[in-house]
Amino acid sequence: MNESNIPPRKIKVGIPRALYFYRYGPLWVYLLRQFQCDVVISAPTSAKIVEDGAKQAISELCVPMKLYFGHVQALLDEYPDLDYVFIPRYVSIHKNQYYCPKFLTLPETIKYGMKLSVPILTLEVNAKKHYGIEGAIEMGKTLGFSLEDSGKAWMVALKKYNQLKSKMNSSNYIDILASLDKNPNHVIKKRKFREVIPKKIRGKFPLSILILGHPYNVYESYINMHLIERLKTLDCHILTIEDTHSDQFKKPVKINKIYEQYWQSEDEILKTARYYLNEGKKEIDGVIFLISFACGPDSLIEELVMRDMKTRKIPFLTLILDEHSGESGMVTRIESLVDMIRRKKYDSISSS
Amino acid sequence: MTKIISFPSMGWSRIAFRALFEKLPGVTVFPPPPVTRDIVKMGAKISPEFVCFPFKVTLGEFVNMIENHDIHTFVMSIDCGPCRLGFYAPIQEKILKDLGYDVEIIPIQQDDLLNFKWTKTLLQLSNVTNPIMKYYDVIRCTRLALVKMSYIADITRLEGLIRCREIHKGDTTRVVKNLMDQLDNEWDLQVLHHFDKVIQTAFAKIRIKHDIEPLRVIVTGENHIVMEPFINMDIVRKFGEEGVEVHLANSLYGWILHKLHINAERKKLEKLSKPYIPLDIGGEAIWVVGHYIEGQNQGFDGFIHLYPFTCMPENTARGILEGQSPDPFYLPIQFYSIDEHTGYEGMRTRLESFIDLMNSNRQGNPKFQNKYREPSEIKAIYDKKVPLTNHSPLFSEVLTPFTNNLNILISELFNMKATKQNTKGDRNT
Ligand code: SF4
Ligand code: SF4
C-alpha cells in the first residue's frame, strides 16, 4: 500500500468501523481500492470511542448509532489529512423493503449532527430508485471516474465481496473484518478467557447456541463483551445468521396471512429464526437475541421471535446492549442460561 | 348481522374514523372512549418495553374496549414505510391473542391512498351484496370522513389561534367541544357542506382581545402524540392559556391529503428540508425540519417538537435540528420525548421557562422583534366589515358537491376495474 514518493497523492478515505461495516465493510474497502483510494478504517471500539459517541449523539439513539458518531470522531482525530469520510446510505436492496430509518439518512445525520467539516463520500444503495451499480457510478463521479470505470470497479468489488462472503462464518467473521485494516496500531488483541468448564468434562456435554441480532451487535466484541468467546469457554458451539445456509434466505417471511415483513435489517433475523423454529429445531439448544437499547426494529422483532420460541419451548434469552451495561451482570445471565439448558438436555438423557 | 367495530381514538380524529364506518351497512361503530392514565398503563404493561409509545397507547385502548365494552373487532391503519407502524397491528393482535382475548384487528392500508387498497377494508366490512350499491356506500362514507376531517382541521387550527386572545378563560375550549360534538352527530352532507359557517359563527361569539401581538409557536412532531391531547398533556391548551398563539402543524386531513399526493403545503416543506432529510424516513421527520425552517423564516418565536421516546425518524430530525443550532437554526426549540413515564409537572415547568425565553427574545433580540403577523383568520372572523364567507352560493351549494361526486365516482370506476384485475391476479399466484 505505502509505496513511497508517488507524487499525486492518493485520495484518502476513512471508513467508520461501525454499523454496516460489519456486513458490507469488505465490499466498501474493495470498491474504494478499485477507485485508487487510500482506505483507512477507524480503530476498534474503545472506551474513548464509546464515550465520544455518547457525547456527540443525542441520548435517545440506539447504541450502534452512538458508536457510529464515536468512530467518525476517531477517524477525524487519527487522520487529520482525510479527504473524505465514507458514509453509505442504505435505503433498500429489495423493492418492497426498507432498512431501518436511521440508515436512510445516515450521511445527513452525521453531517448536520456533528457539524462535520470533512466532505462525505456516499454510496447510495436504493433498489427503489436504481441498481447498485448506479450508486457506484454516482460515487465514482465524485472521485473523478468515468461511467465505464466505475461500473467495472463495482463489478470487480462485488465479485470479490461475494466470494469472500461465501467463506465467512461465525468463527472467522471477526478476523476477516479485522484483516481489512492494515494499520498495525489497530490490531485487536485477543482476550484470553478462563475456561469455565473443568478439563475433565470439557467437550462431554456440548451445546449449540444460536445468536441472533444485527451483525454490528453480534461481532462487535467490545459492546457485546466478547459474547462469542465467552460462550465458547462454556463449551457451546455457536451458530449465527452467517452460518445459516443461503437457501434459507430465499423465501420471504410472512408475519401472518396478511402481513409481509418489510424491514431489510430484520429480514435475515426472521428468516434464520424461521429455519431454527422449524427444520433446524434439532440443531440448537437455545437462542440468545442481542438487541440494542432503543432499537426500533428490534423492539418489535424480538417480541415476535420470543413468542414463537416460547411456543416451541426453545430456551431464549434477550440481552440488551447499551453503553453502560456491566460485564458481570451479563456473564451471570449467560452462565445461568447455559447451565439451565445443559441440565435440561443431559439430565433427561441420563435419566431415560 | 352487524359487526361492532372500533379503532384507536387519536384525539378528535375519532370523529373522522367514526364517519368513515358509521354509515357502512353491516357495521356498527363503537366510538372509542377517551384515553386515560389507566388505559396507558394497561397498554404499557403488556407491550414490549422498547416499543414506541403510540403502540402502547393504542394497545391499551384495545384492551380497555375488549374488557370493559365487549368489543372484539378493531380497525387499525398500517403503513409499510420504513418505520414501525406496519408492524403494529400484527404484533398487537398476537399479544392480545396470546393473552387469551378473542380479537380481530383489521388493517387498513395507508401507504399510498391513491392505490385504493384501503377501500378493500371497507368493501370487506360492508354486508351489501349488490356491487354498485356497495361502491356507492364506500363513496359516501369516504366523503363523510373527508368532509369531517377537514372541519376538524379547521376547528383545531382556530382553537390554537384564538385561545390566547379570549377574554373569558375557557370560552374557546367550550366552543371547540360543542362544535366537535355537533360535527360528530351531523350526517347530512348538505348541512356539512356549510359547516364552515357554523364554525365561524361559533368562534365569532367568543369575546377576544383585539390588536395584541402574542408569542407564536409551532407545535408539531409525530402525528399520534401531537393529536392525542391526553398524551401530550394538552400542550396546545396550556400554551393558549398562557397567552401564546399556537400553530398546530399536524392534522389528519393534511396527512390524508398528503397520502393522496395533493398536499401542496407538505410538498413545499419537503423542498425546504431536502438538504437535511432528502427522503421520507417515516414519522413526520422531513416535515418537522421543513416546518422549522419555514417558521424561522416567518419570524415565529418558538418551536415545539413532540415525539415518542426512541422514535426513530423524529430522533433523526432532532439530531439534525440540534446539531445545526444556533447557527443557522436559531429559532428556539424545545423537544418533548414522551412515554408512559413522562410527568405532567416537569413538562409544565419546562414549558414555562420556554415562554420566558421567548418573551425575553421579544424584548432584547432583534431577530424576534417586529415579526408578528396576525393570522388572516382573525380578521375574517372578527372584523364585521368583511363578510363571513366569500363563497358564492352557487359555488358552494351546487358546483362543489357535484364536482366532488364526479371526481370520486370516476376514480372509483377506475378502481373497480383495477381491483377486479388485481383479485384475478391474486388467484393466479
Ligand atoms: S436497526 Fe436498531 S440498532 Fe440498527 S440502527 Fe436501526 S435502531 Fe439502531
Ligand atoms: S414514527 Fe416513531 S412512533 Fe411512529 S412508528 Fe416510527 S418510531 Fe414509532
# chains A, B, ... in the order shown; residues from 1 in each chain; ligands from 1
call {"tool": "closest_atom_pairs", "arguments": {"of": "chain B", "to": "ligand 1", "cutoff": "10 Å", "atoms": "only C-alpha atoms and all ligand atoms", "output": "CSV"}}
result
residue,atom,partner,partner_atom_place_in_ligand_line,distance
B:Cys83,CA,ligand 1,6 (Fe),10.0
B:Thr310,CA,ligand 1,7 (S),8.7
B:Cys311,CA,ligand 1,7 (S),9.1
B:Met312,CA,ligand 1,7 (S),6.8
B:Pro313,CA,ligand 1,7 (S),9.9
call {"tool": "residues_near_ligand", "arguments": {"ligand": "ligand 2", "cutoff": "9 Å", "atoms": "only C-alpha atoms and all ligand atoms", "output": "JSON, numbers by chain"}}
result
{"A": [101, 296, 297], "B": [51, 52, 53, 54, 55, 79, 82, 83, 84, 85, 86, 87, 88, 222, 223, 224, 225, 281, 282, 283, 284, 285, 307, 308, 309, 310, 311, 312, 313, 314, 315]}
call {"tool": "write_last_selection", "arguments": {"atoms": "N, CA and C atoms", "output": "mmCIF file, in the first residue's frame"}}
result
data_model
loop_
_atom_site.group_PDB
_atom_site.id
_atom_site.type_symbol
_atom_site.label_atom_id
_atom_site.label_comp_id
_atom_site.auth_asym_id
_atom_site.auth_seq_id
_atom_site.Cartn_x
_atom_site.Cartn_y
_atom_site.Cartn_z
ATOM 1 N N PRO A 101 -34.921 3.198 9.492
ATOM 2 C CA PRO A 101 -34.938 4.611 9.093
ATOM 3 C C PRO A 101 -33.617 5.333 9.357
ATOM 4 N N GLY A 296 -35.412 0.545 17.341
ATOM 5 C CA GLY A 296 -36.808 0.466 16.939
ATOM 6 C C GLY A 296 -37.189 -0.888 16.374
ATOM 7 N N PRO A 297 -36.560 -1.301 15.283
ATOM 8 C CA PRO A 297 -36.940 -2.578 14.690
ATOM 9 C C PRO A 297 -36.815 -3.754 15.667
ATOM 10 N N VAL B 51 -40.825 -0.532 22.677
ATOM 11 C CA VAL B 51 -41.598 -0.144 21.514
ATOM 12 C C VAL B 51 -42.029 1.312 21.683
ATOM 13 N N CYS B 52 -42.344 1.967 20.550
ATOM 14 C CA CYS B 52 -42.669 3.381 20.665
ATOM 15 C C CYS B 52 -44.043 3.570 21.312
ATOM 16 N N PHE B 53 -44.229 4.719 21.885
ATOM 17 C CA PHE B 53 -45.364 4.971 22.757
ATOM 18 C C PHE B 53 -46.731 4.777 22.095
ATOM 19 N N PRO B 54 -46.943 5.246 20.878
ATOM 20 C CA PRO B 54 -48.266 5.048 20.277
ATOM 21 C C PRO B 54 -48.694 3.576 20.267
ATOM 22 N N PHE B 55 -47.761 2.678 20.110
ATOM 23 C CA PHE B 55 -48.065 1.256 20.162
ATOM 24 C C PHE B 55 -48.702 0.905 21.503
ATOM 25 N N ASP B 79 -48.883 1.004 7.729
ATOM 26 C CA ASP B 79 -48.129 1.748 6.733
ATOM 27 C C ASP B 79 -46.760 1.094 6.639
ATOM 28 N N PRO B 82 -40.716 2.946 6.053
ATOM 29 C CA PRO B 82 -39.527 2.454 6.743
ATOM 30 C C PRO B 82 -39.733 2.257 8.241
ATOM 31 N N CYS B 83 -40.832 2.732 8.792
ATOM 32 C CA CYS B 83 -40.908 2.755 10.251
ATOM 33 C C CYS B 83 -41.758 1.635 10.828
ATOM 34 N N ARG B 84 -42.004 1.737 12.135
ATOM 35 C CA ARG B 84 -42.576 0.609 12.860
ATOM 36 C C ARG B 84 -44.062 0.386 12.630
ATOM 37 N N LEU B 85 -44.763 1.396 12.136
ATOM 38 C CA LEU B 85 -46.215 1.337 12.094
ATOM 39 C C LEU B 85 -46.752 0.083 11.398
ATOM 40 N N GLY B 86 -46.079 -0.373 10.382
ATOM 41 C CA GLY B 86 -46.545 -1.548 9.661
ATOM 42 C C GLY B 86 -46.562 -2.803 10.504
ATOM 43 N N PHE B 87 -45.810 -2.795 11.576
ATOM 44 C CA PHE B 87 -45.772 -3.962 12.439
ATOM 45 C C PHE B 87 -46.723 -3.852 13.622
ATOM 46 N N TYR B 88 -47.306 -2.691 13.817
ATOM 47 C CA TYR B 88 -48.193 -2.503 14.968
ATOM 48 C C TYR B 88 -49.280 -3.571 15.003
ATOM 49 N N GLU B 222 -44.519 13.908 15.936
ATOM 50 C CA GLU B 222 -45.133 12.659 15.483
ATOM 51 C C GLU B 222 -46.655 12.774 15.601
ATOM 52 N N ASN B 223 -47.366 12.352 14.555
ATOM 53 C CA ASN B 223 -48.810 12.570 14.467
ATOM 54 C C ASN B 223 -49.601 12.155 15.701
ATOM 55 N N HIS B 224 -49.394 10.935 16.136
ATOM 56 C CA HIS B 224 -50.229 10.431 17.218
ATOM 57 C C HIS B 224 -50.060 11.257 18.489
ATOM 58 N N ILE B 225 -48.826 11.538 18.817
ATOM 59 C CA ILE B 225 -48.552 12.300 20.027
ATOM 60 C C ILE B 225 -49.120 13.710 19.919
ATOM 61 N N ILE B 281 -38.505 9.353 5.784
ATOM 62 C CA ILE B 281 -37.950 8.274 6.592
ATOM 63 C C ILE B 281 -38.962 7.810 7.625
ATOM 64 N N GLY B 282 -40.230 8.067 7.367
ATOM 65 C CA GLY B 282 -41.252 7.681 8.324
ATOM 66 C C GLY B 282 -41.494 8.798 9.313
ATOM 67 N N GLY B 283 -42.550 8.645 10.092
ATOM 68 C CA GLY B 283 -42.897 9.689 11.038
ATOM 69 C C GLY B 283 -43.116 11.008 10.325
ATOM 70 N N GLU B 284 -42.794 12.084 11.012
ATOM 71 C CA GLU B 284 -43.006 13.402 10.428
ATOM 72 C C GLU B 284 -41.675 14.082 10.170
ATOM 73 N N ALA B 285 -40.588 13.358 10.366
ATOM 74 C CA ALA B 285 -39.265 13.969 10.396
ATOM 75 C C ALA B 285 -39.036 15.002 9.308
ATOM 76 N N TYR B 307 -42.474 14.005 20.391
ATOM 77 C CA TYR B 307 -42.333 12.695 19.761
ATOM 78 C C TYR B 307 -42.244 11.602 20.819
ATOM 79 N N PRO B 308 -42.534 10.370 20.428
ATOM 80 C CA PRO B 308 -42.438 9.271 21.374
ATOM 81 C C PRO B 308 -40.976 8.932 21.660
ATOM 82 N N PHE B 309 -40.698 8.612 22.899
ATOM 83 C CA PHE B 309 -39.358 8.204 23.297
ATOM 84 C C PHE B 309 -38.844 7.112 22.346
ATOM 85 N N THR B 310 -37.626 7.228 21.914
ATOM 86 C CA THR B 310 -36.936 6.320 20.976
ATOM 87 C C THR B 310 -37.498 6.303 19.559
ATOM 88 N N CYS B 311 -38.430 7.190 19.246
ATOM 89 C CA CYS B 311 -38.964 7.247 17.883
ATOM 90 C C CYS B 311 -37.811 7.483 16.907
ATOM 91 N N MET B 312 -37.716 6.623 15.910
ATOM 92 C CA MET B 312 -36.528 6.668 15.043
ATOM 93 C C MET B 312 -36.481 7.895 14.137
ATOM 94 N N PRO B 313 -37.522 8.133 13.344
ATOM 95 C CA PRO B 313 -37.440 9.291 12.456
ATOM 96 C C PRO B 313 -37.375 10.622 13.211
ATOM 97 N N GLU B 314 -38.153 10.730 14.276
ATOM 98 C CA GLU B 314 -38.177 12.019 14.970
ATOM 99 C C GLU B 314 -36.841 12.294 15.653
ATOM 100 N N ASN B 315 -36.197 11.242 16.122
ATOM 101 C CA ASN B 315 -34.884 11.451 16.724
ATOM 102 C C ASN B 315 -33.868 11.878 15.689
#
call {"tool": "atom_distance", "arguments": {"atom1": "atom CA of Val219 of chain B", "atom2": "atom CA of Phe303 of chain B"}}
result
6.1 Å
call {"tool": "select_by_dssp", "arguments": {"residues": "segment 165-359 of chain B", "states": "alpha helix (DSSP H)", "output": "JSON, numbers by chain"}}
result
{"B": [171, 172, 173, 174, 175, 176, 177, 178, 179, 180, 181, 182, 183, 184, 189, 190, 191, 192, 195, 196, 197, 198, 199, 200, 201, 202, 203, 204, 223, 224, 225, 226, 227, 235, 236, 237, 238, 239, 240, 241, 252, 253, 254, 255, 256, 257, 258, 259, 264, 265, 266, 267, 268, 269, 270, 271, 272, 273, 285, 286, 287, 288, 289, 290, 291, 292, 293, 294, 295, 296, 297, 312, 313, 314, 315, 316, 317, 318, 319, 320, 321, 322, 323, 344, 345, 346, 347, 348, 349, 350, 351, 352, 353, 354, 355, 356, 357, 358, 359]}
call {"tool": "closest_atom_pairs", "arguments": {"of": "chain A", "to": "chain B", "cutoff": "7 Å", "atoms": "only C-alpha atoms", "output": "JSON lines"}}
result
{"residue": "A:Ile58", "atom": "CA", "partner": "B:Gly319", "partner_atom": "CA", "distance": 6.3}
{"residue": "A:Glu60", "atom": "CA", "partner": "B:Thr310", "partner_atom": "CA", "distance": 5.7}
{"residue": "A:Leu61", "atom": "CA", "partner": "B:Thr310", "partner_atom": "CA", "distance": 6.8}
{"residue": "A:Tyr98", "atom": "CA", "partner": "B:Pro82", "partner_atom": "CA", "distance": 5.3}
{"residue": "A:Tyr99", "atom": "CA", "partner": "B:Pro82", "partner_atom": "CA", "distance": 6.6}
{"residue": "A:Cys100", "atom": "CA", "partner": "B:Pro82", "partner_atom": "CA", "distance": 6.3}
{"residue": "A:Pro101", "atom": "CA", "partner": "B:Ile281", "partner_atom": "CA", "distance": 5.4}
{"residue": "A:Lys102", "atom": "CA", "partner": "B:Met312", "partner_atom": "CA", "distance": 6.7}
{"residue": "A:Leu104", "atom": "CA", "partner": "B:Ile281", "partner_atom": "CA", "distance": 6.7}
{"residue": "A:Thr105", "atom": "CA", "partner": "B:Ile277", "partner_atom": "CA", "distance": 6.5}
{"residue": "A:Glu108", "atom": "CA", "partner": "B:Tyr276", "partner_atom": "CA", "distance": 5.9}
{"residue": "A:Thr109", "atom": "CA", "partner": "B:Ile320", "partner_atom": "CA", "distance": 6.1}
{"residue": "A:Tyr112", "atom": "CA", "partner": "B:Ile320", "partner_atom": "CA", "distance": 5.3}
{"residue": "A:Gly113", "atom": "CA", "partner": "B:Gly323", "partner_atom": "CA", "distance": 4.2}
{"residue": "A:Met114", "atom": "CA", "partner": "B:Gly323", "partner_atom": "CA", "distance": 6.1}
{"residue": "A:Lys115", "atom": "CA", "partner": "B:Gly323", "partner_atom": "CA", "distance": 6.7}
{"residue": "A:Tyr262", "atom": "CA", "partner": "B:Cys80", "partner_atom": "CA", "distance": 6.6}
{"residue": "A:Ala294", "atom": "CA", "partner": "B:Thr310", "partner_atom": "CA", "distance": 5.6}
{"residue": "A:Gly296", "atom": "CA", "partner": "B:Met312", "partner_atom": "CA", "distance": 6.5}
{"residue": "A:Pro297", "atom": "CA", "partner": "B:Arg84", "partner_atom": "CA", "distance": 6.7}
{"residue": "A:Ser299", "atom": "CA", "partner": "B:Phe50", "partner_atom": "CA", "distance": 5.4}
{"residue": "A:Leu300", "atom": "CA", "partner": "B:Val51", "partner_atom": "CA", "distance": 6.5}
{"residue": "A:Glu303", "atom": "CA", "partner": "B:Pro48", "partner_atom": "CA", "distance": 6.5}
call {"tool": "residues_around", "arguments": {"residues": "Phe193 of chain A", "least_positions_apart": "3", "cutoff": "12 Å", "atoms": "only C-alpha atoms", "output": "PyMOL selection string"}}
result
chain A and resi 190+196-197+225-234+331
call {"tool": "write_last_selection", "arguments": {"atoms": "C-alpha atoms", "output": "short mmCIF file (atom, residue, chain, number, x, y, z; two decimals), in the first residue's frame"}}
result
data_model
loop_
_atom_site.label_atom_id
_atom_site.label_comp_id
_atom_site.auth_asym_id
_atom_site.auth_seq_id
_atom_site.Cartn_x
_atom_site.Cartn_y
_atom_site.Cartn_z
CA LYS A 190 -7.21 -11.38 21.68
CA VAL A 196 -15.26 -22.28 32.83
CA ILE A 197 -15.86 -25.95 32.25
CA MET A 225 -18.47 -8.05 25.90
CA HIS A 226 -16.99 -10.90 23.88
CA LEU A 227 -20.14 -12.93 23.92
CA ILE A 228 -18.95 -15.44 21.35
CA GLU A 229 -15.69 -16.24 23.11
CA ARG A 230 -17.36 -16.43 26.46
CA LEU A 231 -19.90 -18.89 25.18
CA LYS A 232 -17.09 -20.94 23.74
CA THR A 233 -15.47 -21.18 27.15
CA LEU A 234 -18.78 -22.56 28.34
CA VAL A 331 -21.79 -13.07 32.47
#
call {"tool": "atom_distance", "arguments": {"atom1": "atom CA of Asn126 of chain A", "atom2": "atom CA of Asp322 of chain A"}}
result
29.6 Å
call {"tool": "residues_around", "arguments": {"residues": "Ser166 of chain A", "least_positions_apart": "2", "cutoff": "10 Å", "atoms": "only C-alpha atoms", "output": "PyMOL selection string"}}
result
chain A and resi 161-164+168-169+242-243+245-246
call {"tool": "write_last_selection", "arguments": {"atoms": "N, CA and C atoms", "output": "compact mmCIF listing (two decimals), in the first residue's frame"}}
result
# COMPACT_ATOMS: atom_id res chain seq x y z
N TYR A 161 -16.34 -9.47 -3.14
CA TYR A 161 -17.08 -9.48 -1.88
C TYR A 161 -17.90 -10.76 -1.76
N ASN A 162 -18.58 -11.12 -2.85
CA ASN A 162 -19.41 -12.32 -2.79
C ASN A 162 -18.59 -13.58 -2.55
N GLN A 163 -17.39 -13.59 -3.17
CA GLN A 163 -16.51 -14.73 -2.92
C GLN A 163 -16.14 -14.82 -1.45
N LEU A 164 -15.79 -13.65 -0.91
CA LEU A 164 -15.39 -13.62 0.49
C LEU A 164 -16.54 -14.02 1.39
N MET A 168 -17.24 -16.67 4.76
CA MET A 168 -17.31 -16.14 6.12
C MET A 168 -18.33 -16.90 6.96
N ASN A 169 -17.95 -17.19 8.19
CA ASN A 169 -18.89 -17.79 9.12
C ASN A 169 -18.59 -17.25 10.51
N GLU A 242 -24.75 -15.94 9.92
CA GLU A 242 -23.75 -16.19 8.89
C GLU A 242 -23.50 -17.68 8.68
N ASP A 243 -23.90 -18.51 9.64
CA ASP A 243 -23.71 -19.94 9.48
C ASP A 243 -24.91 -20.60 8.80
N HIS A 245 -27.52 -21.61 6.03
CA HIS A 245 -27.37 -21.85 4.60
C HIS A 245 -28.15 -20.81 3.79
N SER A 246 -27.54 -20.36 2.71
CA SER A 246 -28.14 -19.25 1.97
C SER A 246 -29.52 -19.59 1.41
call {"tool": "select_by_dssp", "arguments": {"residues": "segment 34-223 of chain B", "states": "strand (DSSP E or B)", "output": "list in words"}}
result
Thr73, Phe74, Val75, Met76, Ser77, Ile78, Glu104, Ile105, Ile106, Pro107, Ile108, Gln109, Glu166, Ile208, Leu215, Arg216, Val217, Ile218, Val219, Thr220 and Gly221 of chain B
call {"tool": "residues_around", "arguments": {"residues": "segment 296-302 of chain B", "least_positions_apart": "3", "cutoff": "8 Å", "atoms": "only C-alpha atoms", "output": "list of chain:residue names"}}
result
B:Leu215, B:Arg216, B:Val217, B:Ile218, B:Tyr292, B:Ile293, B:Phe329, B:Tyr330, B:Leu331, B:Pro332, B:Ile333, B:Met358, B:Asn361, B:Arg362, B:Lys367, B:Phe368, B:Lys371, B:Tyr372
call {"tool": "write_last_selection", "arguments": {"atoms": "N, CA and C atoms", "output": "compact mmCIF listing (two decimals), in the first residue's frame"}}
result
# COMPACT_ATOMS: atom_id res chain seq x y z
N LEU B 215 -47.01 35.82 21.52
CA LEU B 215 -45.93 34.96 21.04
C LEU B 215 -46.53 33.91 20.12
N ARG B 216 -45.75 33.52 19.13
CA ARG B 216 -46.26 32.49 18.20
C ARG B 216 -45.36 31.27 18.26
N VAL B 217 -45.95 30.11 18.50
CA VAL B 217 -45.14 28.90 18.42
C VAL B 217 -45.77 27.92 17.44
N ILE B 218 -44.90 27.10 16.86
CA ILE B 218 -45.36 25.99 16.05
C ILE B 218 -45.28 24.75 16.93
N TYR B 292 -39.78 23.79 10.66
CA TYR B 292 -38.83 24.57 11.45
C TYR B 292 -38.23 25.70 10.59
N ILE B 293 -37.77 25.32 9.40
CA ILE B 293 -37.14 26.32 8.53
C ILE B 293 -38.15 27.40 8.16
N PHE B 329 -29.66 27.46 12.57
CA PHE B 329 -31.02 27.33 13.12
C PHE B 329 -31.11 28.04 14.45
N TYR B 330 -31.64 29.24 14.48
CA TYR B 330 -31.67 29.99 15.73
C TYR B 330 -33.04 30.05 16.39
N LEU B 331 -34.07 29.60 15.69
CA LEU B 331 -35.40 29.62 16.29
C LEU B 331 -35.41 28.72 17.54
N PRO B 332 -35.76 29.28 18.71
CA PRO B 332 -35.72 28.46 19.93
C PRO B 332 -36.60 27.23 19.78
N ILE B 333 -36.09 26.11 20.24
CA ILE B 333 -36.83 24.87 20.08
C ILE B 333 -36.80 24.08 21.37
N MET B 358 -38.85 33.00 25.27
CA MET B 358 -39.40 33.67 24.10
C MET B 358 -39.72 35.13 24.40
N ASN B 361 -36.63 37.12 24.32
CA ASN B 361 -36.21 37.33 22.94
C ASN B 361 -36.97 38.49 22.30
N ARG B 362 -38.27 38.52 22.58
CA ARG B 362 -39.10 39.60 22.04
C ARG B 362 -38.58 40.96 22.49
N LYS B 367 -33.80 39.71 16.18
CA LYS B 367 -34.28 38.67 15.27
C LYS B 367 -35.75 38.36 15.50
N PHE B 368 -36.23 38.69 16.68
CA PHE B 368 -37.61 38.31 17.00
C PHE B 368 -38.51 39.53 17.18
N LYS B 371 -41.80 41.06 14.10
CA LYS B 371 -42.01 39.97 13.14
C LYS B 371 -43.45 39.49 13.15
N TYR B 372 -44.24 39.98 14.09
CA TYR B 372 -45.56 39.39 14.26
C TYR B 372 -46.50 39.73 13.11
call {"tool": "residues_around", "arguments": {"residues": "Gly346 of chain B", "least_positions_apart": "6", "cutoff": "12 Å", "atoms": "only C-alpha atoms", "output": "list of chain:residue names"}}
result
B:Met233, B:Tyr336, B:Ile338, B:Glu352, B:Ser353
call {"tool": "write_last_selection", "arguments": {"atoms": "N, CA, C and O atoms", "output": "CSV table (one decimal), in the first residue's frame"}}
result
chain,number,residue,atom,x,y,z
B,233,MET,N,-50.2,16.1,27.2
B,233,MET,CA,-50.5,16.9,28.3
B,233,MET,C,-51.3,18.1,27.9
B,233,MET,O,-51.2,19.2,28.5
B,336,TYR,N,-39.9,17.4,23.4
B,336,TYR,CA,-40.5,16.6,24.4
B,336,TYR,C,-40.6,15.2,23.9
B,336,TYR,O,-41.2,14.9,23.0
B,338,ILE,N,-41.8,11.6,24.8
B,338,ILE,CA,-42.9,11.3,25.6
B,338,ILE,C,-43.1,9.8,25.7
B,338,ILE,O,-43.0,9.1,24.7
B,352,GLU,N,-43.0,26.6,30.9
B,352,GLU,CA,-43.0,28.0,31.4
B,352,GLU,C,-41.7,28.6,31.1
B,352,GLU,O,-41.6,29.8,30.7
B,353,SER,N,-40.6,27.9,31.3
B,353,SER,CA,-39.3,28.5,31.1
B,353,SER,C,-39.1,28.8,29.6
B,353,SER,O,-38.4,29.8,29.3
call {"tool": "residues_around", "arguments": {"residues": "Trp255 of chain B", "least_positions_apart": "5", "cutoff": "9 Å", "atoms": "only C-alpha atoms", "output": "list of chain:residue names"}}
result
B:Asn223, B:Asn250, B:Leu260, B:Asn263, B:Arg266
call {"tool": "closest_residue", "arguments": {"among": "B:Val40, B:Val35, B:Ile66, B:Ile167", "to": "Ile4 of chain B", "atoms": "only C-alpha atoms"}}
result
B:Ile66
